[in-house]
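Text of data_6.cif, listed as mmCIF, C-alpha atoms:
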data_start
loop_
_atom_site.label_atom_id
_atom_site.label_comp_id
_atom_site.auth_asym_id
_atom_site.auth_seq_id
_atom_site.Cartn_x
_atom_site.Cartn_y
_atom_site.Cartn_z
CA MET Z 1 18.63 136.60 109.89
CA LYS Z 2 17.40 139.29 107.52
CA LYS Z 3 18.95 139.18 104.07
CA ILE Z 4 19.65 141.12 100.90
CA LEU Z 5 19.05 139.22 97.67
CA PHE Z 6 21.73 139.94 95.09
CA PRO Z 7 21.05 138.33 91.68
CA THR Z 8 24.07 138.17 89.40
CA ASP Z 9 24.62 137.26 85.76
CA PHE Z 10 28.44 137.38 86.22
CA SER Z 11 28.64 140.70 84.35
CA GLU Z 12 30.58 143.82 85.30
CA ILE Z 13 27.23 145.57 85.77
CA ALA Z 14 26.31 143.09 88.49
CA ASP Z 15 29.77 143.42 90.04
CA ASN Z 16 29.31 147.19 90.29
CA ALA Z 17 26.07 146.69 92.21
CA PHE Z 18 27.68 144.19 94.58
CA LEU Z 19 29.52 146.90 96.53
CA TYR Z 20 26.17 148.61 97.13
CA ALA Z 21 24.79 145.29 98.38
CA LEU Z 22 27.74 144.93 100.75
CA LYS Z 23 27.42 148.47 102.08
CA MET Z 24 23.68 148.16 102.59
CA ALA Z 25 24.15 144.83 104.36
CA ASP Z 26 26.73 146.43 106.64
CA TYR Z 27 24.54 149.40 107.56
CA LEU Z 28 21.36 147.36 107.92
CA GLY Z 29 22.94 144.37 109.66
CA TYR Z 30 21.84 141.89 106.97
CA GLU Z 31 23.39 138.87 105.27
CA ILE Z 32 23.59 138.59 101.47
CA ILE Z 33 22.24 135.85 99.23
CA VAL Z 34 24.17 135.72 95.96
CA LEU Z 35 21.82 134.18 93.39
CA HIS Z 36 22.40 133.04 89.84
CA ALA Z 37 19.42 131.68 87.94
CA TYR Z 38 19.94 129.74 84.73
CA GLU Z 39 17.68 128.17 82.15
CA LEU Z 40 18.55 125.29 79.84
CA PRO Z 41 18.17 126.13 76.15
CA ILE Z 42 15.75 124.33 73.86
CA ILE Z 43 17.88 122.30 71.45
CA ASN Z 44 16.71 120.56 68.28
CA PHE Z 45 18.20 117.07 68.33
CA ASP Z 46 16.56 116.01 65.04
CA GLY Z 47 14.83 113.12 66.74
CA ASN Z 48 18.03 111.76 68.30
CA LEU Z 49 17.73 112.30 72.06
CA ALA Z 50 20.68 110.09 72.96
CA PHE Z 51 22.98 113.07 73.45
CA ALA Z 52 20.47 115.30 75.27
CA PRO Z 53 21.41 114.34 78.85
CA GLU Z 54 25.10 114.74 78.09
CA ILE Z 55 24.67 118.16 76.50
CA TYR Z 56 22.44 119.48 79.28
CA SER Z 57 24.79 118.10 81.93
CA SER Z 58 27.67 119.90 80.22
CA ILE Z 59 25.74 123.19 80.21
CA GLU Z 60 24.90 122.82 83.89
CA LEU Z 61 28.52 121.99 84.72
CA ASP Z 62 29.76 125.07 82.86
CA THR Z 63 27.25 127.21 84.73
CA PHE Z 64 28.32 125.74 88.06
CA GLU Z 65 32.01 126.29 87.30
CA THR Z 66 31.39 129.91 86.29
CA PHE Z 67 29.41 130.51 89.46
CA ARG Z 68 32.11 128.82 91.54
CA ASP Z 69 34.83 130.94 89.94
CA ILE Z 70 33.01 134.23 90.56
CA LEU Z 71 32.64 133.71 94.31
CA PRO Z 72 36.32 134.38 95.21
CA LYS Z 73 36.06 137.60 93.17
CA LEU Z 74 33.09 138.73 95.27
CA ARG Z 75 34.90 137.86 98.48
CA LYS Z 76 37.87 139.88 97.27
CA VAL Z 77 35.62 142.92 96.77
CA ALA Z 78 34.34 142.47 100.32
CA SER Z 79 37.84 142.15 101.72
CA LYS Z 80 39.13 145.16 99.79
CA ASN Z 81 36.38 147.28 101.34
CA LYS Z 82 36.85 145.78 104.82
CA LEU Z 83 33.46 144.10 104.63
CA GLU Z 84 34.61 140.50 104.84
CA HIS Z 85 32.48 140.12 107.97
CA ILE Z 86 29.31 140.22 105.84
CA LYS Z 87 28.03 136.68 105.50
CA LEU Z 88 27.53 135.57 101.89
CA ASN Z 89 25.10 132.76 101.06
CA HIS Z 90 25.31 131.30 97.57
CA MET Z 91 22.47 129.90 95.48
CA LEU Z 92 22.60 128.45 91.95
CA LEU Z 93 19.05 127.70 90.87
CA HIS Z 94 17.55 126.33 87.67
CA GLY Z 95 14.63 128.40 86.41
CA SER Z 96 13.74 131.87 85.23
CA LEU Z 97 15.13 134.84 87.10
CA ILE Z 98 11.71 136.02 88.26
CA ASP Z 99 10.53 132.58 89.40
CA THR Z 100 13.71 131.81 91.31
CA MET Z 101 13.75 135.24 92.96
CA LYS Z 102 10.13 134.81 94.04
CA GLU Z 103 11.03 131.41 95.47
CA VAL Z 104 14.00 132.78 97.42
CA VAL Z 105 12.03 135.77 98.73
CA LYS Z 106 9.30 133.37 99.87
CA ASP Z 107 11.64 130.89 101.59
CA GLU Z 108 14.25 133.27 103.01
CA ASP Z 109 13.95 136.39 105.15
CA VAL Z 110 14.76 138.72 102.24
CA ARG Z 111 14.14 142.39 103.05
CA LEU Z 112 15.82 144.07 100.07
CA ILE Z 113 16.86 143.19 96.52
CA VAL Z 114 19.93 144.88 95.05
CA MET Z 115 20.59 144.52 91.34
CA GLY Z 116 22.52 146.36 88.65
CA THR Z 117 21.69 147.59 85.18
CA SER Z 118 23.60 149.43 82.49
CA GLY Z 119 24.12 153.19 82.48
CA GLY Z 120 23.35 156.27 80.41
CA THR Z 121 20.66 156.14 77.74
CA ASP Z 122 21.03 152.39 77.58
CA TRP Z 123 20.39 152.32 81.33
CA ALA Z 124 16.92 153.70 80.73
CA LYS Z 125 16.19 151.14 78.03
CA ARG Z 126 17.60 148.28 80.07
CA LEU Z 127 15.80 149.37 83.23
CA PHE Z 128 12.38 149.40 81.61
CA GLY Z 129 12.84 146.80 78.91
CA SER Z 130 14.48 144.04 80.88
CA ASN Z 131 14.27 141.94 84.00
CA VAL Z 132 14.46 144.91 86.36
CA LEU Z 133 10.94 146.16 85.66
CA ASP Z 134 9.64 142.59 85.91
CA VAL Z 135 11.31 142.26 89.29
CA MET Z 136 9.74 145.52 90.46
CA SER Z 137 6.32 144.31 89.36
CA ASP Z 138 6.38 140.61 90.21
CA VAL Z 139 8.78 139.96 93.08
CA PRO Z 140 7.23 140.96 96.43
CA GLN Z 141 10.07 142.94 97.92
CA ASN Z 142 11.72 146.35 97.59
CA VAL Z 143 14.38 146.72 94.90
CA LEU Z 144 17.46 148.94 94.87
CA VAL Z 145 18.51 149.36 91.23
CA ILE Z 146 22.13 150.37 90.64
CA PRO Z 147 23.03 151.96 87.27
CA GLU Z 148 26.41 151.01 85.87
CA SER Z 149 27.67 154.58 86.12
CA ALA Z 150 26.95 154.82 89.86
CA LYS Z 151 30.14 154.53 91.92
CA TYR Z 152 29.52 154.00 95.58
CA GLU Z 153 29.85 157.01 97.85
CA LYS Z 154 28.31 157.47 101.25
CA ILE Z 155 24.56 157.95 100.93
CA SER Z 156 23.81 161.27 102.60
CA THR Z 157 20.42 162.18 101.10
CA ILE Z 158 17.54 159.98 99.99
CA GLY Z 159 14.84 161.55 97.84
CA PHE Z 160 11.24 160.34 97.91
CA THR Z 161 8.44 161.35 95.57
CA THR Z 162 5.03 161.73 97.18
CA LYS Z 163 1.50 162.91 96.52
CA PHE Z 164 0.68 163.03 100.24
CA ARG Z 165 -1.52 159.96 99.97
CA ASP Z 166 -2.07 157.56 102.85
CA LYS Z 167 -0.43 154.75 100.86
CA ASP Z 168 2.75 156.83 100.70
CA LYS Z 169 3.15 156.69 104.48
CA LYS Z 170 4.26 153.06 104.68
CA ALA Z 171 6.82 153.61 101.93
CA LEU Z 172 8.09 156.77 103.61
CA LYS Z 173 8.38 154.84 106.86
CA GLU Z 174 10.75 152.38 105.15
CA VAL Z 175 12.74 155.22 103.57
CA ILE Z 176 13.14 156.83 107.00
CA ARG Z 177 14.18 153.49 108.55
CA ILE Z 178 16.88 152.98 105.94
CA ALA Z 179 17.98 156.62 106.16
CA ASN Z 180 18.38 156.34 109.93
CA ARG Z 181 20.66 153.32 109.56
CA LEU Z 182 22.67 155.17 106.91
CA GLU Z 183 22.67 158.40 108.95
CA ALA Z 184 21.18 160.09 105.90
CA ASN Z 185 18.64 162.86 105.39
CA VAL Z 186 15.29 162.39 103.66
CA LYS Z 187 13.89 164.95 101.22
CA CYS Z 188 10.41 164.45 99.80
CA LEU Z 189 9.32 165.94 96.49
CA TYR Z 190 5.80 166.98 95.58
CA VAL Z 191 5.26 168.55 92.17
CA LYS Z 192 2.26 170.85 92.42
CA THR Z 193 0.53 171.21 89.06
CA LYS Z 194 -2.63 173.10 88.18
CA MET Z 195 -4.50 169.83 88.63
CA SER Z 196 -3.21 169.32 92.16
CA ASP Z 197 -5.83 168.28 94.70
CA VAL Z 198 -3.52 168.47 97.74
CA SER Z 199 -4.29 171.35 100.06
CA ASP Z 200 -1.70 173.52 101.78
CA LYS Z 201 -3.16 172.30 105.06
CA THR Z 202 -2.35 168.66 104.18
CA ILE Z 203 1.21 169.59 103.26
CA GLU Z 204 1.70 171.41 106.54
CA GLU Z 205 0.24 168.48 108.47
CA TRP Z 206 2.80 166.16 106.88
CA ARG Z 207 5.61 168.58 107.59
CA GLU Z 208 4.58 168.73 111.23
CA LYS Z 209 4.14 164.96 111.48
CA TYR Z 210 7.63 164.19 110.16
CA LYS Z 211 9.50 167.21 111.51
CA ALA Z 212 11.08 165.23 114.33
CA LYS Z 213 12.22 162.51 111.88
CA ASN Z 214 14.57 164.81 109.96
CA VAL Z 215 12.35 164.79 106.85
CA GLN Z 216 12.10 167.81 104.58
CA PHE Z 217 9.34 168.43 102.04
CA VAL Z 218 10.08 170.22 98.79
CA VAL Z 219 7.04 171.53 96.90
CA MET Z 220 7.77 172.48 93.29
CA PRO Z 221 4.98 174.34 91.42
CA HIS Z 222 5.46 173.11 87.87
CA GLU Z 223 3.45 171.52 85.06
CA ASP Z 224 6.27 169.23 83.93
CA VAL Z 225 6.46 166.59 86.66
CA LYS Z 226 9.23 164.65 84.98
CA GLU Z 227 11.52 167.62 84.49
CA SER Z 228 10.88 168.60 88.10
CA ILE Z 229 12.16 165.23 89.27
CA TYR Z 230 15.43 165.78 87.43
CA ASP Z 231 15.77 169.27 88.89
CA PHE Z 232 14.98 167.95 92.36
CA MET Z 233 17.68 165.29 92.09
CA ASN Z 234 20.30 167.69 90.77
CA PHE Z 235 19.67 170.70 93.00
CA ASN Z 236 19.22 168.71 96.21
CA HIS Z 237 22.20 166.38 95.69
CA ILE Z 238 20.02 163.27 95.93
CA ASP Z 239 22.08 160.08 96.30
CA VAL Z 240 19.18 157.62 96.02
CA LEU Z 241 15.72 158.29 94.57
CA ALA Z 242 12.90 156.31 96.20
CA MET Z 243 9.48 155.77 94.63
CA LEU Z 244 6.52 153.49 95.14
CA SER Z 245 6.81 150.65 92.64
CA TYR Z 246 3.16 150.95 91.60
CA LYS Z 247 4.42 153.97 89.69
CA SER Z 248 6.50 151.73 87.40
CA ASN Z 249 4.57 152.86 84.32
CA PHE Z 250 5.18 156.44 85.36
CA LEU Z 251 8.87 155.67 85.83
CA SER Z 252 9.01 154.18 82.36
CA ASP Z 253 7.42 157.33 81.02
CA VAL Z 254 9.93 159.48 82.89
CA PHE Z 255 13.01 157.72 81.60
CA ILE Z 256 12.02 156.49 78.16
CA LYS Z 257 8.92 157.93 76.51
CA ARG Z 258 10.01 161.52 76.80
CA ASN Z 259 12.03 162.94 73.94
CA LEU Z 260 15.04 163.65 76.16
CA THR Z 261 18.50 164.46 74.94
CA LYS Z 262 21.35 162.09 75.71
CA ASP Z 263 22.82 164.62 78.10
CA ILE Z 264 19.71 164.75 80.26
CA VAL Z 265 19.21 160.99 80.39
CA GLY Z 266 22.92 160.53 80.95
CA GLU Z 267 22.62 162.47 84.19
CA ILE Z 268 20.54 159.66 85.72
CA GLN Z 269 23.44 158.15 87.59
CA ILE Z 270 21.98 157.51 91.00
CA PRO Z 271 20.37 154.35 92.40
CA LEU Z 272 16.59 153.96 92.34
CA LEU Z 273 14.80 152.41 95.31
CA ALA Z 274 11.46 150.94 94.22
CA ILE Z 275 9.25 150.33 97.25
CA ARG Z 276 6.27 148.00 97.07
CA SER Z 277 3.15 148.78 99.02
CA ASP Z 278 3.09 145.14 100.18
CA TYR Z 279 6.73 144.85 101.22
CA LYS Z 280 7.57 142.71 104.24
CA GLU Z 281 8.45 144.88 107.22
#

Go ahead and express the file in the form of structure tokens.
Amino acid sequence: MKKILFPTDFSEIADNAFLYALKMADYLGYEIIVLHAYELPIINFDGNLAFAPEIYSSIELDTFETFRDILPKLRKVASKNKLEHIKLNHMLLHGSLIDTMKEVVKDEDVRLIVMGTSGGTDWAKRLFGSNVLDVMSDVPQNVLVIPESAKYEKISTIGFTTKFRDKDKKALKEVIRIANRLEANVKCLYVKTKMSDVSDKTIEEWREKYKAKNVQFVVMPHEDVKESIYDFMNFNHIDVLAMLSYKSNFLSDVFIKRNLTKDIVGEIQIPLLAIRSDYKE
């Protein structure tokens, strides 16, 4: 059975993302793996190791009890949204988040990772200065990142950034597959700068190729690619923005390195779907 991997740190941010995981599992026909990874701290025992096993056992027991207590809360969210039919699998694993996620993706039929991160300006910092970017880079599966401020509403339009390269086609194929299950539209953005090497003929060929798949292509002549992405999201009512994950450095530049005002960054309230070129179909 295909699965969604949902890592949780028991925070409200993770809880907010859980509803997205449930909804995606419902539309896609997947199960959910709820994962909590924990690491034991390094403790200085001043040469006396007699208490080490007891202390570490206590930490592990506390972690287990916290994990056990959170599960009824997750089931309650599912029941409240009439999604109690979604099968939840629970995993409590010792190790780093990245290593345990890679292990689960390898051993289980995981087709999507859903995880939350904080919102607003802090969302940008957390997204590109925390585990999320590491997951995008190191865990071999697509990641749907849910900002804290995003409250689930039906996904009607998925945006996808493209440069009309061949490597974009596989990612677009996955976006279209997900959109079809969600009964959503797909709008692709290409920002045409003075340095653009994409011909009008290529653009028209793509439009013709995907016309029957309910895909629209928006070409924005502009020198500021990053600002164009914001405009594209706002003016086209994009509910989820999809990008190839090899552009993670570009994403970091979009959301952090620019000298943006709080108001502009605060508008980034939609989920981000990072698609790997080597994702498992």

Output of the PyMOL selection byres ((chain Z and resi 223) around 12), listed as a ChimeraX atom specification: /Z:190-196,220-222,224-229

Taking all atoms of range 206-210 of chain Z that the file lists and extending 4 Å past them on each side, where is the centre of the axis-aligned box and how long are its edges? Answer in Å to one decimal, as AutoDock Vina command-line options.
--center_x 5.2 --center_y 166.5 --center_z 109.2 --size_x 12.8 --size_y 12.5 --size_z 12.6

Selected residue of minimal separation from Ile158 in chain Z among Z:Thr117, Z:Gln141, Z:Asn81, Z:Asn236, counting all atoms listed in the file: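 Closest to Ile158 in chain Z of all the choices is Z:Asn236.
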
Result set, the PyMOL selection byres ((chain Z and resi 136) around 9) on current file, as a VMD selection string: chain Z and resid 131 to 135 137 to 143 245 to 246 248 274 to 276

Since I can't run it myself right now, could you work out what the PyMOL selection byres ((chain Z and resi 22) around 12) selects here and report it as a PDB file with C-alpha atoms, keeping the file's coordinate frame?
ATOM      1  CA  LYS Z   3      18.950 139.180 104.070  1.00  0.00           C
ATOM      2  CA  ILE Z   4      19.650 141.120 100.900  1.00  0.00           C
ATOM      3  CA  LEU Z   5      19.050 139.220  97.670  1.00  0.00           C
ATOM      4  CA  PHE Z   6      21.730 139.940  95.090  1.00  0.00           C
ATOM      5  CA  ASP Z  15      29.770 143.420  90.040  1.00  0.00           C
ATOM      6  CA  ASN Z  16      29.310 147.190  90.290  1.00  0.00           C
ATOM      7  CA  ALA Z  17      26.070 146.690  92.210  1.00  0.00           C
ATOM      8  CA  PHE Z  18      27.680 144.190  94.580  1.00  0.00           C
ATOM      9  CA  LEU Z  19      29.520 146.900  96.530  1.00  0.00           C
ATOM     10  CA  TYR Z  20      26.170 148.610  97.130  1.00  0.00           C
ATOM     11  CA  ALA Z  21      24.790 145.290  98.380  1.00  0.00           C
ATOM     12  CA  LYS Z  23      27.420 148.470 102.080  1.00  0.00           C
ATOM     13  CA  MET Z  24      23.680 148.160 102.590  1.00  0.00           C
ATOM     14  CA  ALA Z  25      24.150 144.830 104.360  1.00  0.00           C
ATOM     15  CA  ASP Z  26      26.730 146.430 106.640  1.00  0.00           C
ATOM     16  CA  TYR Z  27      24.540 149.400 107.560  1.00  0.00           C
ATOM     17  CA  LEU Z  28      21.360 147.360 107.920  1.00  0.00           C
ATOM     18  CA  GLY Z  29      22.940 144.370 109.660  1.00  0.00           C
ATOM     19  CA  TYR Z  30      21.840 141.890 106.970  1.00  0.00           C
ATOM     20  CA  GLU Z  31      23.390 138.870 105.270  1.00  0.00           C
ATOM     21  CA  ILE Z  32      23.590 138.590 101.470  1.00  0.00           C
ATOM     22  CA  ILE Z  33      22.240 135.850  99.230  1.00  0.00           C
ATOM     23  CA  VAL Z  34      24.170 135.720  95.960  1.00  0.00           C
ATOM     24  CA  LEU Z  74      33.090 138.730  95.270  1.00  0.00           C
ATOM     25  CA  ARG Z  75      34.900 137.860  98.480  1.00  0.00           C
ATOM     26  CA  LYS Z  76      37.870 139.880  97.270  1.00  0.00           C
ATOM     27  CA  VAL Z  77      35.620 142.920  96.770  1.00  0.00           C
ATOM     28  CA  ALA Z  78      34.340 142.470 100.320  1.00  0.00           C
ATOM     29  CA  SER Z  79      37.840 142.150 101.720  1.00  0.00           C
ATOM     30  CA  LYS Z  80      39.130 145.160  99.790  1.00  0.00           C
ATOM     31  CA  ASN Z  81      36.380 147.280 101.340  1.00  0.00           C
ATOM     32  CA  LYS Z  82      36.850 145.780 104.820  1.00  0.00           C
ATOM     33  CA  LEU Z  83      33.460 144.100 104.630  1.00  0.00           C
ATOM     34  CA  GLU Z  84      34.610 140.500 104.840  1.00  0.00           C
ATOM     35  CA  HIS Z  85      32.480 140.120 107.970  1.00  0.00           C
ATOM     36  CA  ILE Z  86      29.310 140.220 105.840  1.00  0.00           C
ATOM     37  CA  LYS Z  87      28.030 136.680 105.500  1.00  0.00           C
ATOM     38  CA  LEU Z  88      27.530 135.570 101.890  1.00  0.00           C
ATOM     39  CA  LEU Z 112      15.820 144.070 100.070  1.00  0.00           C
ATOM     40  CA  ILE Z 113      16.860 143.190  96.520  1.00  0.00           C
ATOM     41  CA  VAL Z 114      19.930 144.880  95.050  1.00  0.00           C
ATOM     42  CA  MET Z 115      20.590 144.520  91.340  1.00  0.00           C
ATOM     43  CA  TYR Z 152      29.520 154.000  95.580  1.00  0.00           C
TER      44      TYR Z 152
END

Selection: 12 Å around range 175-181 of chain Z, all atoms listed in the file, excl. self and same-chain fewer than 4 positions, as a PyMOL selection string: chain Z and resi 23-30+111-112+142+144+154-162+168-171+185-188+210-216+239-244+272-276+281

For Lys73 in chain Z, the nearest of the candidates Z:Phe10, Z:Ala184, Z:Val198, Z:Val218, counting all atoms listed in the file: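 That would be Z:Phe10, the residue with the smallest distance to Lys73 in chain Z.
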
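Note that CA of Met1 in chain Z and CA of Glu108 in chain Z are 8.8 Å apart.
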
Point-to-point distance in Å for CA of Val110 in chain Z and CA of Pro271 in chain Z: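 Those two atoms sit 19.3 Å apart.
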
Using all atoms listed in the file: which of Z:Phe164, Z:Glu208, Z:Lys102, Z:Gly116 has the shortest distance to Val145 in chain Z: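 Of all the options, Z:Gly116 lies closest to Val145 in chain Z.
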
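With distances taken over all atoms listed in the file, Z:Ile270 is the one residue among Z:Leu172, Z:Ile270, Z:Val105, Z:Leu97 lying closest to His237 in chain Z.
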